[in-house]
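Listing of entry_6.txt; format and content: compact mmCIF, C-alpha atoms.
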```
# COMPACT_ATOMS: atom_id res chain seq x y z
CA MET A 1 23.99 -7.26 -12.48
CA ASN A 2 25.96 -7.63 -9.24
CA HIS A 3 25.75 -4.51 -7.12
CA ALA A 4 27.92 -3.86 -4.10
CA THR A 5 29.30 -0.80 -2.40
CA GLY A 6 32.96 -0.32 -3.25
CA ALA A 7 35.56 1.27 -1.02
CA ASN A 8 37.76 4.18 -2.05
CA LEU A 9 41.44 3.50 -1.66
CA PRO A 10 43.52 6.14 0.17
CA GLY A 11 45.07 8.45 -2.38
CA GLY A 12 43.18 6.82 -5.23
CA PRO A 13 40.24 8.03 -7.29
CA GLN A 14 37.18 8.88 -5.23
CA VAL A 15 34.58 6.50 -6.64
CA PRO A 16 31.11 7.99 -6.18
CA ASP A 17 28.12 6.19 -4.73
CA ILE A 18 25.79 5.70 -7.71
CA VAL A 19 22.06 4.96 -7.67
CA ILE A 20 20.17 4.20 -10.87
CA ILE A 21 16.48 5.14 -10.78
CA THR A 22 14.39 3.33 -13.35
CA GLY A 23 11.06 1.55 -13.67
CA MET A 24 7.65 2.06 -15.13
CA SER A 25 6.71 5.38 -16.70
CA GLY A 26 4.28 7.11 -14.37
CA ALA A 27 5.38 5.13 -11.31
CA GLY A 28 7.23 8.02 -9.66
CA ARG A 29 10.78 8.12 -11.01
CA SER A 30 10.86 11.92 -11.00
CA THR A 31 9.55 12.05 -7.43
CA ALA A 32 12.23 9.59 -6.32
CA ALA A 33 14.90 11.66 -8.08
CA LYS A 34 13.71 14.89 -6.47
CA SER A 35 13.70 13.21 -3.07
CA LEU A 36 17.33 12.18 -3.48
CA GLU A 37 18.19 15.69 -4.67
CA ASP A 38 16.71 17.00 -1.42
CA LEU A 39 19.08 14.62 0.40
CA ASP A 40 22.05 16.32 -1.36
CA TRP A 41 22.53 13.75 -4.09
CA PHE A 42 23.66 15.04 -7.48
CA VAL A 43 20.77 14.03 -9.76
CA VAL A 44 20.78 13.63 -13.54
CA ASP A 45 17.45 13.00 -15.28
CA ASN A 46 16.98 10.99 -18.50
CA LEU A 47 20.63 10.11 -18.98
CA PRO A 48 21.27 7.55 -21.75
CA PRO A 49 22.77 4.41 -20.16
CA GLY A 50 25.83 4.72 -22.38
CA LEU A 51 26.83 7.93 -20.59
CA LEU A 52 26.82 6.48 -17.09
CA ALA A 53 30.53 5.67 -17.21
CA THR A 54 31.30 9.18 -18.45
CA MET A 55 29.35 10.63 -15.53
CA ALA A 56 31.34 8.46 -13.11
CA ASP A 57 34.59 9.62 -14.72
CA LEU A 58 33.66 13.27 -14.25
CA ALA A 59 32.79 12.63 -10.60
CA GLU A 60 36.10 10.84 -9.99
CA ARG A 61 38.06 13.75 -11.46
CA GLY A 62 36.37 15.96 -8.91
CA GLN A 63 38.18 14.02 -6.14
CA GLY A 64 35.15 13.58 -3.96
CA ALA A 65 33.39 16.85 -4.82
CA VAL A 66 30.40 14.77 -6.06
CA PRO A 67 30.30 11.77 -3.71
CA ARG A 68 26.74 10.62 -4.49
CA ILE A 69 25.07 10.50 -7.90
CA ALA A 70 21.52 9.47 -8.76
CA VAL A 71 20.68 8.93 -12.43
CA VAL A 72 17.21 8.46 -13.93
CA VAL A 73 17.17 6.18 -16.98
CA ASP A 74 14.17 4.95 -18.97
CA VAL A 75 13.25 2.72 -21.89
CA ARG A 76 13.15 5.31 -24.65
CA SER A 77 16.56 4.09 -25.77
CA ARG A 78 15.93 1.26 -28.27
CA ALA A 79 18.72 -0.89 -26.85
CA PHE A 80 17.86 0.03 -23.26
CA THR A 81 18.53 -3.33 -21.59
CA THR A 82 21.73 -4.03 -23.54
CA ASP A 83 23.03 -0.50 -23.03
CA LEU A 84 22.29 -0.60 -19.31
CA GLN A 85 24.04 -3.94 -18.81
CA SER A 86 27.03 -2.67 -20.75
CA ALA A 87 27.08 0.46 -18.61
CA PHE A 88 27.03 -1.64 -15.44
CA ASP A 89 29.93 -3.73 -16.72
CA ASP A 90 31.93 -0.55 -17.40
CA LEU A 91 31.17 0.86 -13.97
CA GLU A 92 32.08 -2.38 -12.22
CA ALA A 93 35.41 -2.40 -14.06
CA ARG A 94 36.09 1.11 -12.74
CA GLY A 95 35.33 0.13 -9.16
CA ALA A 96 31.92 1.79 -9.02
CA HIS A 97 29.09 -0.49 -7.91
CA PRO A 98 25.72 1.12 -8.65
CA ARG A 99 22.47 0.26 -6.94
CA VAL A 100 19.20 0.06 -8.85
CA VAL A 101 15.91 1.46 -7.56
CA PHE A 102 12.93 0.23 -9.59
CA LEU A 103 9.63 2.13 -9.41
CA GLU A 104 6.56 -0.06 -9.97
CA ALA A 105 2.79 0.46 -10.09
CA SER A 106 -0.22 -1.57 -11.18
CA ASP A 107 -1.59 -1.23 -14.71
CA ASP A 108 -4.84 0.41 -13.66
CA VAL A 109 -3.02 3.00 -11.55
CA LEU A 110 -0.63 3.82 -14.39
CA VAL A 111 -3.52 4.20 -16.83
CA ARG A 112 -5.29 6.60 -14.47
CA ARG A 113 -2.14 8.65 -14.01
CA PHE A 114 -1.55 9.01 -17.75
CA GLU A 115 -5.19 9.85 -18.36
CA SER A 116 -5.19 12.47 -15.60
CA VAL A 117 -2.33 14.40 -17.23
CA ARG A 118 -3.61 13.67 -20.76
CA ARG A 119 -0.27 12.39 -21.96
CA PRO A 120 0.44 9.30 -24.09
CA HIS A 121 2.63 6.52 -22.80
CA PRO A 122 6.09 6.82 -24.42
CA LEU A 123 5.84 3.30 -25.88
CA GLN A 124 2.17 3.13 -26.91
CA GLY A 125 2.76 4.29 -30.50
CA ASP A 126 -0.55 4.09 -32.36
CA GLY A 127 -2.03 1.81 -29.72
CA ARG A 128 -3.57 2.40 -26.31
CA ILE A 129 -1.92 3.33 -23.02
CA VAL A 130 -2.21 -0.28 -21.86
CA ASP A 131 -0.27 -1.41 -24.94
CA GLY A 132 2.60 0.90 -24.02
CA ILE A 133 2.56 -0.32 -20.43
CA ALA A 134 2.71 -3.95 -21.57
CA ARG A 135 5.67 -3.24 -23.87
CA GLU A 136 7.48 -1.40 -21.10
CA ARG A 137 6.94 -4.21 -18.56
CA GLU A 138 8.40 -6.70 -21.01
CA LEU A 139 11.45 -4.51 -21.70
CA LEU A 140 12.05 -3.94 -17.99
CA ARG A 141 11.43 -7.50 -16.80
CA ASP A 142 15.10 -8.43 -16.38
CA VAL A 143 16.04 -5.06 -14.90
CA ARG A 144 13.29 -5.38 -12.30
CA ALA A 145 14.44 -8.90 -11.40
CA GLU A 146 17.96 -7.62 -10.66
CA ALA A 147 16.96 -4.39 -8.89
CA ASP A 148 18.28 -3.76 -5.39
CA LEU A 149 15.08 -2.05 -4.30
CA VAL A 150 11.59 -2.33 -5.82
CA LEU A 151 9.08 0.31 -4.69
CA ASP A 152 5.41 -0.13 -5.53
CA SER A 153 3.82 3.33 -5.68
CA SER A 154 0.29 2.12 -6.54
CA ALA A 155 -1.16 3.10 -3.18
CA LEU A 156 1.22 5.97 -2.42
CA ASN A 157 0.77 9.68 -2.92
CA VAL A 158 3.74 11.93 -3.71
CA HIS A 159 4.45 12.67 -0.05
CA GLU A 160 4.35 8.99 0.94
CA LEU A 161 6.72 8.04 -1.87
CA ARG A 162 9.11 10.80 -0.83
CA ALA A 163 8.99 9.49 2.73
CA LYS A 164 9.94 5.99 1.56
CA ILE A 165 12.93 7.31 -0.39
CA VAL A 166 14.07 9.33 2.61
CA GLU A 167 13.64 6.25 4.79
CA PHE A 168 15.90 4.15 2.56
CA PHE A 169 18.49 6.79 1.67
CA GLY A 170 18.39 9.23 4.56
CA GLY A 171 21.20 7.54 6.49
CA GLU A 172 24.90 8.19 6.29
CA ALA A 173 26.56 8.01 2.88
CA GLY A 174 28.24 4.67 2.28
CA GLU A 175 26.11 2.86 4.85
CA SER A 176 26.15 -0.80 3.87
CA SER A 177 23.93 -2.54 6.44
CA LEU A 178 20.96 -4.54 5.15
CA ARG A 179 17.55 -3.01 5.81
CA ALA A 180 14.57 -5.34 6.05
CA THR A 181 10.89 -4.60 5.62
CA VAL A 182 8.49 -7.25 6.94
CA VAL A 183 5.00 -6.92 5.42
CA SER A 184 1.99 -8.89 6.60
CA PHE A 185 -0.72 -9.36 3.98
CA GLY A 186 -3.87 -11.27 3.11
CA TYR A 187 -3.76 -13.63 0.14
CA LYS A 188 -7.32 -12.68 -0.77
CA TYR A 189 -6.05 -9.16 -1.47
CA GLY A 190 -3.11 -10.30 -3.60
CA LEU A 191 0.63 -10.68 -3.12
CA PRO A 192 2.75 -7.57 -2.42
CA VAL A 193 4.43 -6.91 -5.78
CA ASP A 194 7.64 -5.67 -4.18
CA ALA A 195 8.23 -8.79 -2.06
CA ASP A 196 11.63 -10.50 -2.31
CA LEU A 197 10.53 -13.43 -0.13
CA VAL A 198 7.05 -14.75 0.67
CA VAL A 199 6.11 -16.76 3.76
CA ASP A 200 2.77 -18.59 3.89
CA CYS A 201 1.23 -18.92 7.36
CA ARG A 202 -1.98 -20.61 6.25
CA PHE A 203 -0.75 -23.95 7.58
CA LEU A 204 -1.60 -22.67 11.08
CA PRO A 205 -5.17 -22.84 12.50
CA ASN A 206 -7.09 -19.65 11.78
CA PRO A 207 -8.13 -17.58 14.86
CA HIS A 208 -10.95 -16.18 12.72
CA TRP A 209 -12.99 -19.26 13.61
CA ILE A 210 -12.69 -18.68 17.35
CA PRO A 211 -15.44 -16.22 18.33
CA GLU A 212 -13.52 -14.45 21.10
CA LEU A 213 -10.43 -14.00 18.86
CA ARG A 214 -12.18 -13.01 15.64
CA PRO A 215 -12.51 -9.26 16.42
CA GLN A 216 -8.88 -9.03 17.61
CA ASN A 217 -5.74 -9.03 15.46
CA GLY A 218 -2.26 -10.51 15.53
CA ARG A 219 -0.85 -7.67 17.62
CA ASP A 220 -3.21 -8.51 20.47
CA THR A 221 -1.75 -10.76 23.17
CA ALA A 222 -4.50 -13.38 23.02
CA VAL A 223 -4.19 -13.86 19.25
CA ARG A 224 -0.39 -13.81 19.33
CA ASP A 225 -0.26 -16.41 22.08
CA TYR A 226 -2.78 -18.59 20.27
CA VAL A 227 -0.88 -18.48 16.96
CA LEU A 228 2.53 -19.10 18.53
CA SER A 229 1.23 -22.01 20.62
CA ARG A 230 -0.06 -23.97 17.61
CA PRO A 231 1.87 -27.11 16.60
CA GLY A 232 4.68 -26.23 14.21
CA ALA A 233 4.59 -22.47 14.79
CA LYS A 234 7.74 -22.19 16.90
CA GLU A 235 9.60 -24.73 14.78
CA PHE A 236 8.65 -22.80 11.64
CA LEU A 237 9.85 -19.51 13.14
CA ASP A 238 13.13 -21.06 14.25
CA ALA A 239 13.81 -22.76 10.93
CA TYR A 240 12.87 -19.83 8.74
CA THR A 241 14.78 -17.37 10.93
CA GLU A 242 17.89 -19.45 10.27
CA VAL A 243 17.14 -19.33 6.53
CA LEU A 244 16.75 -15.55 6.76
CA ARG A 245 20.04 -15.24 8.64
CA LEU A 246 21.85 -17.11 5.87
CA LEU A 247 20.09 -15.06 3.20
CA ALA A 248 20.96 -11.81 4.97
CA GLU A 249 24.64 -12.74 5.09
CA GLY A 250 24.56 -13.60 1.38
CA TYR A 251 22.66 -10.43 0.46
CA GLU A 252 25.20 -8.28 2.27
CA ARG A 253 28.10 -10.04 0.56
CA GLU A 254 26.43 -9.35 -2.79
CA GLY A 255 25.84 -5.71 -1.90
CA LYS A 256 22.04 -5.92 -1.57
CA HIS A 257 20.91 -3.17 0.78
CA TYR A 258 17.16 -3.83 1.05
CA VAL A 259 15.00 -6.91 1.39
CA THR A 260 11.22 -7.21 1.74
CA LEU A 261 9.76 -10.26 3.47
CA ALA A 262 6.03 -10.74 2.89
CA VAL A 263 4.18 -12.85 5.49
CA GLY A 264 0.73 -13.96 4.39
CA CYS A 265 -2.43 -15.56 5.69
CA THR A 266 -5.97 -15.55 4.30
CA GLY A 267 -7.09 -12.09 5.38
CA GLY A 268 -3.94 -10.44 6.71
CA LYS A 269 -5.40 -9.90 10.19
CA HIS A 270 -4.40 -12.67 12.60
CA ARG A 271 -1.72 -15.22 11.71
CA SER A 272 0.36 -13.14 9.30
CA VAL A 273 0.34 -10.13 11.64
CA ALA A 274 1.48 -12.19 14.64
CA MET A 275 4.18 -13.97 12.65
CA ALA A 276 5.37 -10.77 10.94
CA GLU A 277 5.89 -9.19 14.36
CA GLN A 278 7.93 -12.22 15.40
CA PHE A 279 10.06 -12.18 12.26
CA GLY A 280 10.64 -8.46 12.68
CA ALA A 281 11.85 -8.92 16.24
CA ARG A 282 14.11 -11.80 15.31
CA LEU A 283 15.66 -9.99 12.35
CA GLY A 284 16.27 -7.04 14.65
CA ASP A 285 18.08 -9.37 17.05
CA GLU A 286 20.29 -10.38 14.10
CA GLY A 287 21.42 -6.76 13.81
CA LEU A 288 19.28 -5.74 10.84
CA GLU A 289 17.42 -2.46 10.62
CA VAL A 290 13.79 -3.64 10.45
CA ARG A 291 10.46 -2.04 9.64
CA VAL A 292 7.22 -4.01 10.12
CA VAL A 293 4.17 -3.03 8.04
CA HIS A 294 0.70 -4.58 8.22
CA ARG A 295 -0.66 -3.92 4.75
CA ASP A 296 -4.17 -5.31 5.07
CA LEU A 297 -4.86 -4.87 8.78
CA GLY A 298 -8.24 -3.16 9.17
CA ARG A 299 -9.18 -3.79 5.55
CA GLU A 300 -11.89 -6.36 6.26
```
Starting from the file, give its structure as structure tokens.
Amino acid sequence: MNHATGANLPGGPQVPDIVIITGMSGAGRSTAAKSLEDLDWFVVDNLPPGLLATMADLAERGQGAVPRIAVVVDVRSRAFTTDLQSAFDDLEARGAHPRVVFLEASDDVLVRRFESVRRPHPLQGDGRIVDGIARERELLRDVRAEADLVLDSSALNVHELRAKIVEFFGGEAGESSLRATVVSFGYKYGLPVDADLVVDCRFLPNPHWIPELRPQNGRDTAVRDYVLSRPGAKEFLDAYTEVLRLLAEGYEREGKHYVTLAVGCTGGKHRSVAMAEQFGARLGDEGLEVRVVHRDLGRE
């Protein structure tokens, strides 16, 4: 799936901006859809993938009356993946270039959510909830890999998930600039599941072993200066910033609107925090809209 934002030709059909909301059952698809509805998107829930092209046709006939459409699709269609790819091919041929938002959550969180509402998973059949989740993950594997934006709702409540959707889609319609999220994390707490790129800072000496630096974190001047002064730190920042610049140019050409860079060290307190701040500043200097998040800071 190659997703890019198409331009409407003067006097021609008004091709709508289309966002496909999909992902794991229980991960927040309905919340994401409602959030877009609140942003004046026209939202259709549980639309079979085969009807996506029809929906785009109807919007085009309206000559711009419905400029932005969000569609929720799920795996209850037996040929979900095939149907969705076929729908994307049809839309691309018509000049519409949909973006895919994939909602994700960990297995234990999904199980708790289904148990709390006392509902079966749509794919569990005669098995357990975890069986349905496993089947769904397998069916959605390729879709997730091609998604423009992956949102992990495991640690988010409804209001926090809404805020993330507003953050990503609250700008002007048709905005095509790449937005970057830089997340520092600790490897001992696990990789961020929504990361597009992962940077490992464990090759740098750990300030944890310096008594006066241990209680501080990577946002403090003493820790930052220590990390950045270590052999290889500046060279690594320079080299990887150049890689990120090339990737950003390629992502924008391919119509990718969001990228998440995860920067890790052992505990997510010193090295990764300092380096994430540096990457955030440098990406901002490249003209990207950047948000820096320190996932595990204060967790120890």
Exercise. Stretch 87-104 of chain A: which residues within 7 Å, counting all atoms listed in the file, same-chain residues fewer than 5 positions away excluded, as a VMD selection string?
Worked result: chain A and resid 3 to 6 15 to 24 27 to 29 49 to 50 52 to 53 144 147 to 153
Exercise. At what distance in Å, to one decimal, does atom CA of A:Ala56 lie from atom CA of A:Glu37?
Worked result: 17.2 Å
For this session: Could you jot down the atom CA of A:Asp131 to atom CA of A:Asp196 separation for me, Å, one decimal place?
Result: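 Atom CA of A:Asp196 lies at a distance of 27.1 Å from atom CA of A:Asp131.
Among the candidate residues A:Val198, A:Leu36, A:Leu51, A:Leu213, the one lying nearest to A:Val182 is A:Val198, with distances computed using all atoms listed in the file.
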Mind running stretch 155-236 of chain A against stretch 261-282 of chain A at 8 Å and telling me each contacting residue's nearest atom pair with the distance in Å (one decimal), counting all atoms listed in the file, chain and number ascending, as a tab-separated table?
```
residue	atom	partner	partner_atom	distance
A:Ala180	CA	A:Leu261	CA	7.3
A:Thr181	CA	A:Leu261	CA	6.2
A:Val182	CA	A:Leu261	CA	4.8
A:Val183	CA	A:Ala262	CA	4.7
A:Ser184	CA	A:Val263	CA	4.7
A:Phe185	CA	A:Gly268	CA	4.4
A:Gly186	CA	A:Gly268	CA	3.7
A:Tyr187	CA	A:Thr266	CA	5.1
A:Lys188	CA	A:Thr266	CA	6.0
A:Tyr189	CA	A:Gly267	CA	7.5
A:Pro192	CA	A:Ala262	CA	7.0
A:Ala195	CA	A:Ala262	CA	5.8
A:Asp196	CA	A:Leu261	CA	6.1
A:Leu197	CA	A:Leu261	CA	4.9
A:Val198	CA	A:Ala262	CA	4.7
A:Val199	CA	A:Val263	CA	4.7
A:Asp200	CA	A:Gly264	CA	5.1
A:Cys201	CA	A:Cys265	CA	5.2
A:Arg202	CA	A:Cys265	CA	5.1
A:Leu204	CA	A:Arg271	CA	7.5
A:Asn206	CA	A:Arg271	CA	7.0
A:Pro207	CA	A:His270	CA	6.6
A:His208	CA	A:His270	CA	7.4
A:Gln216	CA	A:His270	CA	7.6
A:Asn217	CA	A:His270	CA	4.8
A:Gly218	CA	A:Ala274	CA	4.2
A:Arg219	CA	A:Ala274	CA	5.9
A:Val223	CA	A:His270	CA	6.8
A:Arg224	CA	A:Ala274	CA	5.3
A:Val227	CA	A:Arg271	CA	6.2
A:Leu228	CA	A:Met275	CA	8.0
```
For this session: Please provide the set of residues having any atom within 12 Å of A:Glu138, restricted to all atoms listed in the file, with same-chain residues fewer than 2 positions apart removed, written as a VMD selection string.
Result: chain A and resid 23 to 24 75 80 to 81 123 131 to 136 140 to 145
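Considering the residues A:Arg253, A:Arg118, A:His159, A:Lys234 and counting all atoms listed in the file, A:Thr31 has its shortest atom-to-atom contact with A:His159.
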Exercise. Please, what distance in Å, to one decimal, runs between atom CA of A:Leu297 and atom CA of A:Lys164?
Worked result: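 Separation between atom CA of A:Leu297 and atom CA of A:Lys164: 19.7 Å.
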Exercise. Can you list, as a list in words, every protein, DNA or RNA residue that comes within 10 Å of A:Arg113 when you count only C-alpha atoms, leaving out same-chain residues fewer than 5 positions away?
Worked result: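 Residues near the query, excluding close chain neighbours: Ser25, Gly26, Ala27, Asp107, Asp108, Arg118 and Arg119 of chain A.
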Problem set entry | Among listed residues A:Ala233, A:Leu178, A:Val44, A:Leu161, nearest A:Leu247 (using all atoms listed in the file) |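 For A:Leu247, the nearest of the given residues is A:Leu178.
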Exercise. When distances are computed from all atoms listed in the file, which of A:Val72, A:Ile210, A:Ala105, A:Val259 shows the smallest separation from A:Asn157?
Worked result: A:Ala105
For this session: Kindly indicate which residue among A:Leu283, A:Val158, A:Ile165, A:Met55 lies nearest to A:Ala248, using all atoms listed in the file for the distances.
Result: A:Leu283
